[in-house]
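Chemist: What follows is a single structure, and I will ask about it in a moment.
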Amino acid sequence: MRMHQMIPTLIHQTWKDADVPTEWQQWADSWRLHHPGWGYRLWTDADNRAFLQEHYPWFLPVYDGYPEAIMRADAIRYFLLDHFGGLYVDLDFECLRPVDDLLGGHELVLGCEPEAHTRLLLARQRGFGRIVGNAFIASRPGHPFWSHVHRQLVGAHKLPGTLDVTGPFFLTRAIDSAPNPASLTVLDPEVLYPEVSPYATELFGPQKADRERAYAVHHWSGSWTRDIPGPQRTSAGRRFPFWASQELQPIADGLLSLDAQRHRWASGAPAPTVSCLMVTKDRSATARRAIRCFRAQTYPNLELVVLEDGTSDTLEQYLRELDDPRIRHHRLPPEGRTLGELRNEAVDRATGPYVCQWDDDDLYDPERVETQMAAILALGADACFLARERLWWPARHKLAISCARLWEGSMVCAKDRVSRYPAQRRGEDTPVAEELVRTCRVVSVDAPDLYTYVCHGGNTFDESHFAEHFEVATEIWAEPGAYTERLLAMATRLPIAPADIAHAETGHPAAQVSERRPPTTVAPAPAPASERPPVLVLTPLKDAAAFLPGYLENLHALDYPRESISLGLLEGDSRDTTPELLHEVLPGLRAGFRRVTLVHRDFGLQLAGPRWEPGVQRRRRAVLAKARNQLLSRALADEEWVLWLDVDVTGYPADLIQRLLGARKDIVAPHCATTPGGPTYDLNTFVLQPGAGTLNWTQWLRDGILQPPRGFGRTYLDALRGRGLVRVDSVGGTALLVRADLHRDGLTFPSFPYQHLIETEGLAAMARDMGTACWALPDLEVLHPHHAPAPAAVGAMSPS
């Protein structure tokens, strides 16, 4: 089959307006030169938005919400190719010869970027074995891959960097998870991407480019620098402000190029061994986290000296199993020596000519040691400190960038210049740092993301010490949205697991949580909220005539102010008197509540058999998801919260809304039980059991969604009573409170398998991908009658 029968002969390119930069015009012309019979369209920013408005209006909230224009430029190609098909190429892509033979007989064609790009830090952190470029994509219109991509765009739109949100990292993940990969053709780098980016060339030196097989060549106009982290982005990568002094006298300041020093190392310059020194005592959970940070370091010549004088052997066993020859563990008798004395012992045991303080309760960026050693070697310094650090106070949900000062814990120094630590239990490193500044050549680097100082409640200094640092911080993120986004950005660079974040957030000492391994993350039961923000109660209805009177009675019994409650109802596919009853009660509802929206929408769902049968779950829950999304889009106005409430919930406390709001979580569910104190009814709210990831879940896949038997790898809320506020891995919709801004930001109910989950379970997975956790209150019960027994094979599916 020839190319034009599969992939249309149409070339798409985009730019902000019709004035293409002169340096790119010749490359744009090369495609028309080699494809004289093809159509060509240059899409401007205005064209792109108008196209989405007409054909994909549901995506506009995400599209308009992208913080960077490059994200919109990346995303639009995935919609143009879905709608029109053809060939999309970036403006900095040069055509060398016609691509007709390359595309012939294929449905969708992409190419891998050069292998050297997988060795860059951001790619290595994500474990990519290949990177699929998004600068050249050819597709037939309507290829099912694009529907998959569109879903993934929604899930990824809150990630911190362009590469992961819309760019090549995003596309690589989408291809790796594609439902029908056999229809995708991914070409070798030599065919479309024979040359490496300037950034990779700077790091690894010139790479031989073989153009013999190439149909085109990408010229990499900034693609690998837009996501390079740090205070300044340049064509050469990371540069950091620094200032240096010698014996208290300023001698230099400017910008330090990390990549310039990397190039010197790659050319054979020595990289002296650095001994990282950790003093710890019975705090293995935080110590393990700091050890993961050590093992992720990009500097090549490191050792970690772990000095432990506690009684637990947990960390020693962990290191034994780790079997990393760079880590040396020394167990000392618990003789009550001061922290200063222990630090001296660690320095004495170091074998490298440089030492680095490596506290067991802080977090370190993979480039920390490499950056500080680059500063020492490039500037001929004896020691390097960080001028500012990142401050994290998990229990108070705060992140900040500190003021500029001498941060003692960030010290990297020539071992022979380190004076002896005083025999103090705290503050022991301040005299050593001050002595270095008085007597040595010292450089301070302003790169606060390299070191995260964590306030966890068990620090050497009390909380007032941290409060003072936050008071004089140069930047602070304490609002829920901003804090979550910054926390997610931090986590993407650090080897910190979501469980570590969750445990730190709840205020539990990480050591207790990790080593006692309770079933889930818990917090004390919250008190009811005192404030009364506007809440929208949303209920889908079908054949609900028998339940509607009780539903309305319970709604009127709420002690939440009526002027703060809006109501949205969607009726569809009913064969009883539900539509007539709704019209009868509508005037009274509108008189009694803040605002009422009634929507009628038939979806054509009529089931011949029981609604809990496994074979109908995907179809049934897909329709329910569409109903929820339709109702949400029609009814949500200015409300701050959305309470999803099923019509056949028969009982709940009058202060239900206040108690859900009191949890202070963006997504929280009560416990839907069959009777007071009885078994859980809504089995879509659950916590994955320890070791669930090792189970064979694929055996319970049916129609693309997971339908495991009751209890398979999952713990339900009836087993978690008495635990207060519980973090859960999924939620049901019988009763569910969601912050309205999450819905506005694109959180919906998937009507398709999302990570093999659908509807409310899919919403929980999507929320997690957007950086939002789900929570539940096992002791706050709403009641739902058990209409019929749910067979074991579909125990995870709520019949409602």
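How things are named: the first chain in the structure tokens is A, the next is B, and so on; residues count from 1 in each chain; ligands count from 1 in the order shown.
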Give the strand (DSSP E or B) residues of stretch 381-554 of chain A, as DSSP finds them on the backbone, and put them as an MDAnalysis selection string.

Modeler: chainID A and resid 383:386 390:393 398:401 412:414 441:445 451:454 475:477 522:523 535:541

Chemist: Mind writing the picked residues with N, CA, C and O atoms as a CSV table (one decimal), in the first residue's frame?

Modeler:
chain,number,residue,atom,x,y,z
A,383,ALA,N,37.4,25.2,49.8
A,383,ALA,CA,36.1,24.8,50.3
A,383,ALA,C,35.0,25.4,49.5
A,383,ALA,O,35.2,26.5,48.9
A,384,CYS,N,33.8,24.8,49.5
A,384,CYS,CA,32.7,25.4,48.8
A,384,CYS,C,31.5,25.2,49.7
A,384,CYS,O,31.2,24.1,50.3
A,385,PHE,N,30.7,26.2,49.9
A,385,PHE,CA,29.4,26.2,50.6
A,385,PHE,C,28.3,26.6,49.6
A,385,PHE,O,28.6,27.3,48.6
A,386,LEU,N,27.1,26.3,49.9
A,386,LEU,CA,25.9,26.8,49.2
A,386,LEU,C,25.5,28.1,49.9
A,386,LEU,O,25.4,28.2,51.1
A,390,ARG,N,17.2,25.0,49.9
A,390,ARG,CA,15.7,24.8,50.0
A,390,ARG,C,15.3,24.4,51.3
A,390,ARG,O,16.0,23.5,51.9
A,391,LEU,N,14.3,24.9,51.9
A,391,LEU,CA,13.7,24.5,53.2
A,391,LEU,C,12.4,23.8,53.0
A,391,LEU,O,11.5,24.3,52.3
A,392,TRP,N,12.3,22.7,53.6
A,392,TRP,CA,11.0,21.9,53.5
A,392,TRP,C,10.5,21.6,54.9
A,392,TRP,O,11.2,21.0,55.7
A,393,TRP,N,9.3,22.0,55.2
A,393,TRP,CA,8.6,21.7,56.5
A,393,TRP,C,7.4,20.9,56.2
A,393,TRP,O,6.3,21.5,56.0
A,398,LYS,N,5.0,23.5,53.8
A,398,LYS,CA,5.7,24.7,53.4
A,398,LYS,C,7.0,24.3,52.7
A,398,LYS,O,7.7,23.4,53.1
A,399,LEU,N,7.3,25.0,51.6
A,399,LEU,CA,8.6,25.0,51.0
A,399,LEU,C,9.1,26.4,50.8
A,399,LEU,O,8.3,27.3,50.6
A,400,ALA,N,10.4,26.6,50.9
A,400,ALA,CA,11.0,27.9,50.8
A,400,ALA,C,12.4,27.9,50.2
A,400,ALA,O,13.0,26.8,50.2
A,401,ILE,N,12.8,29.0,49.7
A,401,ILE,CA,14.2,29.2,49.4
A,401,ILE,C,14.8,30.1,50.5
A,401,ILE,O,14.3,31.2,50.7
A,412,VAL,N,31.7,21.3,51.4
A,412,VAL,CA,32.6,20.4,50.7
A,412,VAL,C,34.0,21.1,50.8
A,412,VAL,O,34.1,22.2,50.5
A,413,CYS,N,35.0,20.3,51.3
A,413,CYS,CA,36.2,20.9,51.7
A,413,CYS,C,37.4,20.0,51.6
A,413,CYS,O,37.3,18.8,51.7
A,414,ALA,N,38.6,20.5,51.3
A,414,ALA,CA,39.8,19.7,51.3
A,414,ALA,C,40.0,19.2,52.8
A,414,ALA,O,39.9,20.0,53.7
A,441,ARG,N,40.7,29.9,51.1
A,441,ARG,CA,40.0,30.4,49.9
A,441,ARG,C,38.7,29.6,49.8
A,441,ARG,O,38.7,28.4,49.6
A,442,VAL,N,37.6,30.3,49.8
A,442,VAL,CA,36.2,29.7,49.9
A,442,VAL,C,35.4,30.3,48.8
A,442,VAL,O,35.4,31.5,48.5
A,443,VAL,N,34.6,29.4,48.2
A,443,VAL,CA,33.6,29.9,47.2
A,443,VAL,C,32.2,29.5,47.7
A,443,VAL,O,32.0,28.4,48.2
A,444,SER,N,31.2,30.4,47.5
A,444,SER,CA,29.8,30.2,47.8
A,444,SER,C,29.1,30.1,46.4
A,444,SER,O,29.2,31.1,45.6
A,445,VAL,N,28.3,29.1,46.2
A,445,VAL,CA,27.5,28.9,45.0
A,445,VAL,C,26.1,29.1,45.3
A,445,VAL,O,25.5,28.5,46.3
A,451,TYR,N,20.4,21.4,47.7
A,451,TYR,CA,20.3,20.9,49.1
A,451,TYR,C,19.0,21.2,49.7
A,451,TYR,O,18.5,22.4,49.7
A,452,THR,N,18.3,20.2,50.2
A,452,THR,CA,17.0,20.5,50.9
A,452,THR,C,17.1,20.2,52.4
A,452,THR,O,17.3,19.0,52.8
A,453,TYR,N,16.9,21.2,53.1
A,453,TYR,CA,17.0,21.1,54.6
A,453,TYR,C,15.6,20.8,55.1
A,453,TYR,O,14.7,21.6,54.9
A,454,VAL,N,15.5,19.7,55.8
A,454,VAL,CA,14.2,19.2,56.1
A,454,VAL,C,13.9,19.3,57.6
A,454,VAL,O,14.7,18.9,58.5
A,475,GLU,N,12.0,33.2,49.1
A,475,GLU,CA,10.8,32.7,48.4
A,475,GLU,C,10.1,31.7,49.3
A,475,GLU,O,10.8,30.9,50.0
A,476,ILE,N,8.8,31.6,49.3
A,476,ILE,CA,8.1,30.7,50.1
A,476,ILE,C,6.8,30.2,49.4
A,476,ILE,O,6.1,31.0,48.7
A,477,TRP,N,6.5,28.9,49.5
A,477,TRP,CA,5.3,28.4,48.9
A,477,TRP,C,4.5,27.7,50.0
A,477,TRP,O,5.0,26.6,50.5
A,522,VAL,N,-1.8,7.3,57.8
A,522,VAL,CA,-2.9,7.8,58.6
A,522,VAL,C,-2.6,9.1,59.3
A,522,VAL,O,-1.5,9.5,59.4
A,523,ALA,N,-3.7,9.8,59.7
A,523,ALA,CA,-3.6,11.0,60.4
A,523,ALA,C,-4.7,11.1,61.4
A,523,ALA,O,-5.7,10.4,61.2
A,535,VAL,N,-20.8,24.9,48.1
A,535,VAL,CA,-20.6,23.5,47.7
A,535,VAL,C,-21.7,23.2,46.7
A,535,VAL,O,-22.8,23.5,46.8
A,536,LEU,N,-21.2,22.5,45.7
A,536,LEU,CA,-22.1,22.0,44.6
A,536,LEU,C,-22.3,20.5,44.8
A,536,LEU,O,-21.4,19.7,44.7
A,537,VAL,N,-23.6,20.0,45.1
A,537,VAL,CA,-23.9,18.6,45.2
A,537,VAL,C,-24.3,18.1,43.9
A,537,VAL,O,-25.3,18.7,43.3
A,538,LEU,N,-23.7,17.1,43.3
A,538,LEU,CA,-24.0,16.5,42.0
A,538,LEU,C,-24.4,15.1,42.1
A,538,LEU,O,-23.7,14.3,42.8
A,539,THR,N,-25.5,14.8,41.4
A,539,THR,CA,-26.1,13.4,41.5
A,539,THR,C,-26.6,13.0,40.1
A,539,THR,O,-27.5,13.6,39.6
A,540,PRO,N,-26.0,11.9,39.5
A,540,PRO,CA,-26.6,11.3,38.3
A,540,PRO,C,-27.8,10.4,38.7
A,540,PRO,O,-27.7,9.8,39.8
A,541,LEU,N,-28.8,10.4,37.9
A,541,LEU,CA,-30.0,9.6,38.2
A,541,LEU,C,-30.4,8.8,37.0
A,541,LEU,O,-30.4,9.2,35.9

Chemist: Per residue of stretch 33-64 of chain A within 12 Å of stretch 97-109 of chain A, what are the shortest atom pair and its distance in Å to one decimal, counting only C-alpha atoms, with rows by chain and residue number, as a Markdown table?

Modeler:
| residue | atom | partner | partner_atom | distance |
| --- | --- | --- | --- | --- |
| A:Leu33 | CA | A:Pro98 | CA | 9.0 |
| A:His34 | CA | A:Pro98 | CA | 5.2 |
| A:His35 | CA | A:Pro98 | CA | 6.2 |
| A:Pro36 | CA | A:Pro98 | CA | 9.7 |
| A:Gly37 | CA | A:Pro98 | CA | 11.0 |
| A:Trp38 | CA | A:Asp100 | CA | 10.5 |

Chemist: Run DSSP on the backbone of this structure and report the residues of stretch 105-346 of chain A it assigns to alpha helix (DSSP H), as a short mmCIF file (atom, residue, chain, number, x, y, z; two decimals) with N, CA, C and O atoms, in the first residue's frame.

Modeler:
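Final output, saved to out.cif:
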data_model
loop_
_atom_site.label_atom_id
_atom_site.label_comp_id
_atom_site.auth_asym_id
_atom_site.auth_seq_id
_atom_site.Cartn_x
_atom_site.Cartn_y
_atom_site.Cartn_z
N LEU A 121 21.36 13.81 32.10
CA LEU A 121 20.87 13.58 33.47
C LEU A 121 19.36 13.38 33.52
O LEU A 121 18.87 12.44 34.14
N LEU A 122 18.60 14.27 32.88
CA LEU A 122 17.14 14.18 32.97
C LEU A 122 16.63 12.86 32.41
O LEU A 122 15.69 12.27 32.94
N ALA A 123 17.26 12.37 31.35
CA ALA A 123 16.84 11.09 30.78
C ALA A 123 17.27 9.93 31.67
O ALA A 123 16.52 8.96 31.86
N ARG A 124 18.47 10.00 32.24
CA ARG A 124 18.94 8.94 33.12
C ARG A 124 18.07 8.83 34.37
O ARG A 124 17.80 7.73 34.86
N GLN A 125 17.65 9.98 34.89
CA GLN A 125 16.79 9.94 36.07
C GLN A 125 15.49 9.20 35.81
O GLN A 125 14.92 8.59 36.71
N ARG A 126 15.01 9.27 34.58
CA ARG A 126 13.74 8.63 34.24
C ARG A 126 13.92 7.21 33.71
O ARG A 126 12.94 6.53 33.41
N PRO A 144 -5.84 5.48 16.39
CA PRO A 144 -6.24 5.36 17.81
C PRO A 144 -5.16 5.78 18.80
O PRO A 144 -5.47 6.07 19.95
N PHE A 145 -3.92 5.83 18.37
CA PHE A 145 -2.86 6.27 19.26
C PHE A 145 -3.11 7.68 19.77
O PHE A 145 -2.77 8.01 20.91
N TRP A 146 -3.73 8.52 18.94
CA TRP A 146 -3.89 9.92 19.35
C TRP A 146 -4.92 10.07 20.46
O TRP A 146 -4.77 10.95 21.32
N SER A 147 -5.94 9.22 20.49
CA SER A 147 -6.86 9.26 21.63
C SER A 147 -6.13 8.92 22.92
O SER A 147 -6.36 9.52 23.98
N HIS A 148 -5.24 7.95 22.82
CA HIS A 148 -4.40 7.58 23.98
C HIS A 148 -3.53 8.77 24.40
O HIS A 148 -3.41 9.09 25.59
N VAL A 149 -2.92 9.44 23.44
CA VAL A 149 -2.07 10.59 23.73
C VAL A 149 -2.87 11.70 24.39
O VAL A 149 -2.41 12.34 25.36
N HIS A 150 -4.07 11.94 23.89
CA HIS A 150 -4.89 13.02 24.46
C HIS A 150 -5.20 12.74 25.93
O HIS A 150 -5.18 13.66 26.76
N ARG A 151 -5.46 11.49 26.25
CA ARG A 151 -5.71 11.14 27.66
C ARG A 151 -4.45 11.35 28.49
O ARG A 151 -4.51 11.86 29.62
N GLN A 152 -3.32 10.95 27.93
CA GLN A 152 -2.07 11.11 28.66
C GLN A 152 -1.73 12.58 28.88
O GLN A 152 -1.13 12.96 29.89
N LEU A 153 -2.09 13.45 27.93
CA LEU A 153 -1.84 14.88 28.09
C LEU A 153 -2.54 15.43 29.33
O LEU A 153 -1.99 16.25 30.06
N VAL A 154 -3.77 14.98 29.54
CA VAL A 154 -4.51 15.45 30.71
C VAL A 154 -3.81 14.99 31.98
O VAL A 154 -3.63 15.75 32.93
N GLY A 155 -3.38 13.74 32.01
CA GLY A 155 -2.72 13.21 33.19
C GLY A 155 -1.38 13.85 33.48
O GLY A 155 -0.94 13.90 34.62
N ALA A 156 -0.71 14.37 32.43
CA ALA A 156 0.66 14.89 32.60
C ALA A 156 0.71 16.40 32.73
O ALA A 156 1.78 16.95 32.98
N THR A 162 8.60 20.89 30.56
CA THR A 162 8.04 20.70 29.23
C THR A 162 8.32 19.31 28.68
O THR A 162 7.46 18.70 28.04
N LEU A 163 9.51 18.80 28.89
CA LEU A 163 9.85 17.48 28.36
C LEU A 163 8.87 16.41 28.83
O LEU A 163 8.50 15.51 28.07
N ASP A 164 8.45 16.49 30.09
CA ASP A 164 7.53 15.50 30.65
C ASP A 164 6.07 15.83 30.39
O ASP A 164 5.22 14.94 30.37
N VAL A 165 5.75 17.10 30.21
CA VAL A 165 4.35 17.51 30.06
C VAL A 165 3.85 17.27 28.64
O VAL A 165 2.76 16.74 28.43
N PRO A 168 9.35 15.29 24.26
CA PRO A 168 9.81 13.93 23.94
C PRO A 168 9.68 12.93 25.08
O PRO A 168 9.40 11.75 24.83
N PHE A 169 9.90 13.34 26.33
CA PHE A 169 9.72 12.40 27.44
C PHE A 169 8.26 11.97 27.53
O PHE A 169 7.96 10.79 27.74
N PHE A 170 7.36 12.93 27.39
CA PHE A 170 5.93 12.61 27.39
C PHE A 170 5.60 11.64 26.27
O PHE A 170 4.92 10.62 26.48
N LEU A 171 6.07 11.94 25.07
CA LEU A 171 5.73 11.11 23.92
C LEU A 171 6.33 9.70 24.06
O LEU A 171 5.69 8.70 23.70
N THR A 172 7.53 9.61 24.60
CA THR A 172 8.15 8.30 24.81
C THR A 172 7.32 7.45 25.75
O THR A 172 7.08 6.25 25.50
N ARG A 173 6.84 8.03 26.84
CA ARG A 173 5.99 7.28 27.77
C ARG A 173 4.68 6.87 27.10
O ARG A 173 4.18 5.76 27.32
N ALA A 174 4.11 7.77 26.30
CA ALA A 174 2.86 7.45 25.62
C ALA A 174 3.04 6.28 24.66
O ALA A 174 2.18 5.39 24.56
N ILE A 175 4.15 6.25 23.98
CA ILE A 175 4.42 5.14 23.05
C ILE A 175 4.65 3.84 23.81
O ILE A 175 4.15 2.78 23.43
N ASP A 176 5.37 3.93 24.91
CA ASP A 176 5.63 2.73 25.70
C ASP A 176 4.35 2.15 26.30
O ASP A 176 4.31 0.95 26.61
N PRO A 189 17.78 6.35 15.10
CA PRO A 189 18.22 7.75 15.09
C PRO A 189 18.86 8.17 13.77
O PRO A 189 18.71 9.33 13.35
N GLU A 190 19.57 7.26 13.12
CA GLU A 190 20.29 7.62 11.90
C GLU A 190 19.37 8.07 10.77
O GLU A 190 19.80 8.75 9.84
N VAL A 191 18.09 7.73 10.85
CA VAL A 191 17.17 8.02 9.75
C VAL A 191 16.66 9.46 9.82
O VAL A 191 16.57 10.15 8.80
N LEU A 192 16.34 9.93 11.03
CA LEU A 192 15.75 11.27 11.18
C LEU A 192 16.54 12.18 12.10
O LEU A 192 16.42 13.41 12.01
N PRO A 198 23.41 20.33 20.67
CA PRO A 198 24.61 21.05 21.16
C PRO A 198 24.88 20.79 22.63
O PRO A 198 26.04 20.76 23.06
N TYR A 199 23.82 20.62 23.42
CA TYR A 199 24.00 20.38 24.86
C TYR A 199 24.71 19.05 25.08
O TYR A 199 25.66 18.96 25.88
N ALA A 200 24.30 18.00 24.37
CA ALA A 200 24.97 16.71 24.51
C ALA A 200 26.40 16.78 23.98
O ALA A 200 27.32 16.15 24.52
N THR A 201 26.62 17.55 22.93
CA THR A 201 27.97 17.71 22.39
C THR A 201 28.88 18.39 23.42
O THR A 201 30.04 18.01 23.59
N GLU A 202 28.34 19.37 24.12
CA GLU A 202 29.12 20.07 25.15
C GLU A 202 29.55 19.11 26.26
O GLU A 202 30.67 19.18 26.76
N LEU A 203 28.66 18.18 26.61
CA LEU A 203 28.96 17.26 27.70
C LEU A 203 29.86 16.11 27.27
O LEU A 203 30.77 15.72 27.99
N PHE A 204 29.56 15.54 26.12
CA PHE A 204 30.22 14.28 25.72
C PHE A 204 31.23 14.45 24.60
O PHE A 204 31.86 13.48 24.18
N LEU A 258 28.95 24.74 35.11
CA LEU A 258 29.14 23.33 35.47
C LEU A 258 29.58 22.53 34.26
O LEU A 258 30.46 21.66 34.36
N ASP A 259 28.99 22.81 33.11
CA ASP A 259 29.31 22.02 31.93
C ASP A 259 30.72 22.25 31.43
O ASP A 259 31.33 21.34 30.84
N ALA A 260 31.26 23.44 31.65
CA ALA A 260 32.65 23.68 31.26
C ALA A 260 33.59 22.77 32.05
O ALA A 260 34.55 22.20 31.50
N GLN A 261 33.33 22.62 33.36
CA GLN A 261 34.16 21.73 34.16
C GLN A 261 33.92 20.27 33.77
O GLN A 261 34.85 19.47 33.75
N ARG A 262 32.68 19.93 33.44
CA ARG A 262 32.41 18.57 32.97
C ARG A 262 33.23 18.25 31.72
O ARG A 262 33.74 17.15 31.56
N HIS A 263 33.33 19.24 30.84
CA HIS A 263 34.11 19.03 29.63
C HIS A 263 35.58 18.80 29.96
O HIS A 263 36.25 17.97 29.35
N ARG A 264 36.09 19.52 30.97
CA ARG A 264 37.48 19.32 31.38
C ARG A 264 37.67 17.92 31.95
O ARG A 264 38.68 17.26 31.68
N TRP A 265 36.71 17.45 32.74
CA TRP A 265 36.81 16.09 33.26
C TRP A 265 36.76 15.07 32.12
O TRP A 265 37.51 14.10 32.11
N ALA A 266 35.88 15.32 31.15
CA ALA A 266 35.78 14.39 30.02
C ALA A 266 37.07 14.36 29.20
O ALA A 266 37.37 13.36 28.53
N SER A 284 17.04 5.05 60.63
CA SER A 284 17.39 4.39 59.38
C SER A 284 16.53 4.83 58.20
O SER A 284 16.98 4.81 57.06
N ALA A 285 15.26 5.22 58.44
CA ALA A 285 14.40 5.58 57.31
C ALA A 285 14.92 6.84 56.62
O ALA A 285 15.05 6.88 55.39
N THR A 286 15.21 7.90 57.39
CA THR A 286 15.75 9.10 56.76
C THR A 286 17.16 8.85 56.24
O THR A 286 17.55 9.37 55.20
N ALA A 287 17.92 8.03 56.96
CA ALA A 287 19.27 7.71 56.49
C ALA A 287 19.24 6.99 55.15
O ALA A 287 20.05 7.27 54.26
N ARG A 288 18.29 6.08 54.97
CA ARG A 288 18.18 5.36 53.70
C ARG A 288 17.85 6.33 52.58
O ARG A 288 18.34 6.20 51.45
N ARG A 289 17.01 7.31 52.89
CA ARG A 289 16.68 8.31 51.88
C ARG A 289 17.92 9.11 51.48
O ARG A 289 18.16 9.38 50.30
N ALA A 290 18.71 9.52 52.46
CA ALA A 290 19.95 10.25 52.17
C ALA A 290 20.94 9.37 51.42
O ALA A 290 21.71 9.87 50.58
N ILE A 291 20.93 8.07 51.69
CA ILE A 291 21.81 7.15 50.97
C ILE A 291 21.38 7.03 49.53
O ILE A 291 22.21 6.94 48.61
N ARG A 292 20.06 7.02 49.28
CA ARG A 292 19.60 7.01 47.88
C ARG A 292 20.07 8.26 47.16
O ARG A 292 20.43 8.20 45.98
N CYS A 293 20.07 9.39 47.86
CA CYS A 293 20.59 10.62 47.26
C CYS A 293 22.08 10.49 46.94
O CYS A 293 22.55 10.97 45.89
N PHE A 294 22.81 9.84 47.82
CA PHE A 294 24.24 9.62 47.55
C PHE A 294 24.43 8.77 46.31
O PHE A 294 25.25 9.10 45.43
N ARG A 295 23.70 7.70 46.20
CA ARG A 295 23.89 6.77 45.08
C ARG A 295 23.45 7.37 43.75
O ARG A 295 23.83 6.88 42.69
N THR A 314 18.99 -2.10 61.84
CA THR A 314 18.20 -2.02 60.60
C THR A 314 19.01 -1.42 59.46
O THR A 314 19.02 -1.94 58.34
N LEU A 315 19.69 -0.31 59.71
CA LEU A 315 20.46 0.34 58.65
C LEU A 315 21.64 -0.53 58.22
O LEU A 315 21.94 -0.64 57.03
N GLU A 316 22.28 -1.16 59.17
CA GLU A 316 23.41 -2.04 58.84
C GLU A 316 22.96 -3.18 57.92
O GLU A 316 23.65 -3.51 56.95
N GLN A 317 21.80 -3.76 58.21
CA GLN A 317 21.27 -4.82 57.37
C GLN A 317 20.94 -4.29 55.98
O GLN A 317 21.20 -4.95 54.97
N TYR A 318 20.36 -3.09 55.93
CA TYR A 318 20.03 -2.48 54.64
C TYR A 318 21.29 -2.30 53.79
O TYR A 318 21.31 -2.62 52.59
N LEU A 319 22.36 -1.80 54.40
CA LEU A 319 23.59 -1.58 53.65
C LEU A 319 24.24 -2.89 53.24
O LEU A 319 24.85 -2.98 52.17
N ARG A 320 24.08 -3.90 54.09
CA ARG A 320 24.63 -5.20 53.72
C ARG A 320 23.94 -5.74 52.47
O ARG A 320 24.57 -6.27 51.56
N GLU A 321 22.63 -5.58 52.42
CA GLU A 321 21.87 -6.04 51.25
C GLU A 321 22.16 -5.17 50.03
O GLU A 321 22.15 -5.66 48.90
N LEU A 322 22.43 -3.90 50.26
CA LEU A 322 22.73 -2.99 49.16
C LEU A 322 24.05 -3.36 48.50
O LEU A 322 24.19 -3.28 47.27
N LEU A 339 27.91 15.02 69.00
CA LEU A 339 27.90 15.05 67.54
C LEU A 339 29.24 15.54 67.02
O LEU A 339 29.76 15.04 66.01
N GLY A 340 29.84 16.52 67.70
CA GLY A 340 31.14 17.01 67.27
C GLY A 340 32.20 15.93 67.31
O GLY A 340 33.03 15.80 66.40
N GLU A 341 32.21 15.12 68.38
CA GLU A 341 33.19 14.03 68.49
C GLU A 341 32.98 13.00 67.39
O GLU A 341 33.95 12.47 66.82
N LEU A 342 31.73 12.72 67.07
CA LEU A 342 31.44 11.74 66.02
C LEU A 342 31.86 12.28 64.65
O LEU A 342 32.36 11.52 63.81
N ARG A 343 31.67 13.56 64.44
CA ARG A 343 32.10 14.13 63.14
C ARG A 343 33.62 14.04 63.00
O ARG A 343 34.14 13.76 61.91
N ASN A 344 34.36 14.26 64.06
CA ASN A 344 35.81 14.11 63.99
C ASN A 344 36.18 12.67 63.64
O ASN A 344 37.10 12.43 62.84
N GLU A 345 35.48 11.72 64.22
CA GLU A 345 35.73 10.31 63.93
C GLU A 345 35.49 10.02 62.45
O GLU A 345 36.26 9.29 61.80
N ALA A 346 34.42 10.60 61.90
CA ALA A 346 34.11 10.37 60.49
C ALA A 346 35.19 10.96 59.60
O ALA A 346 35.60 10.34 58.60
#

Chemist: Write out as an mmCIF file with C-alpha atoms, in the first residue's frame the residues lying within 12 Å of A:Gln755, counting only C-alpha atoms and excluding same-chain residues fewer than 3 positions away.

Modeler:
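As written to disk, selection-v3.cif reads:
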data_model
loop_
_atom_site.group_PDB
_atom_site.id
_atom_site.type_symbol
_atom_site.label_atom_id
_atom_site.label_comp_id
_atom_site.auth_asym_id
_atom_site.auth_seq_id
_atom_site.Cartn_x
_atom_site.Cartn_y
_atom_site.Cartn_z
ATOM 1 C CA HIS A 148 -4.402 7.585 23.982
ATOM 2 C CA ARG A 151 -5.714 11.143 27.657
ATOM 3 C CA GLN A 152 -2.066 11.111 28.664
ATOM 4 C CA GLY A 155 -2.720 13.212 33.191
ATOM 5 C CA ALA A 174 2.858 7.450 25.625
ATOM 6 C CA SER A 177 2.059 2.485 27.065
ATOM 7 C CA ALA A 178 0.262 2.523 23.694
ATOM 8 C CA PRO A 179 -2.657 0.060 23.499
ATOM 9 C CA TRP A 697 -3.112 -8.277 38.262
ATOM 10 C CA THR A 698 -3.332 -9.093 34.567
ATOM 11 C CA LEU A 701 -8.171 -7.686 33.324
ATOM 12 C CA GLY A 704 -9.287 -3.372 29.467
ATOM 13 C CA ILE A 705 -10.189 -2.663 33.115
ATOM 14 C CA LEU A 706 -9.208 -4.376 36.355
ATOM 15 C CA PRO A 750 -12.238 8.680 32.536
ATOM 16 C CA PHE A 752 -11.992 4.747 29.022
ATOM 17 C CA ILE A 758 -12.222 3.636 34.830
ATOM 18 C CA GLU A 759 -14.663 6.219 36.202
ATOM 19 C CA GLU A 761 -11.027 4.662 40.144
ATOM 20 C CA GLY A 762 -9.647 6.289 36.994
ATOM 21 C CA LEU A 763 -10.209 9.720 38.545
ATOM 22 C CA ALA A 764 -8.061 8.707 41.520
ATOM 23 C CA ALA A 765 -5.277 7.535 39.216
ATOM 24 C CA MET A 766 -5.501 10.735 37.192
ATOM 25 C CA ARG A 768 -2.287 10.989 41.494
ATOM 26 C CA ASP A 769 -0.648 11.756 38.135
#
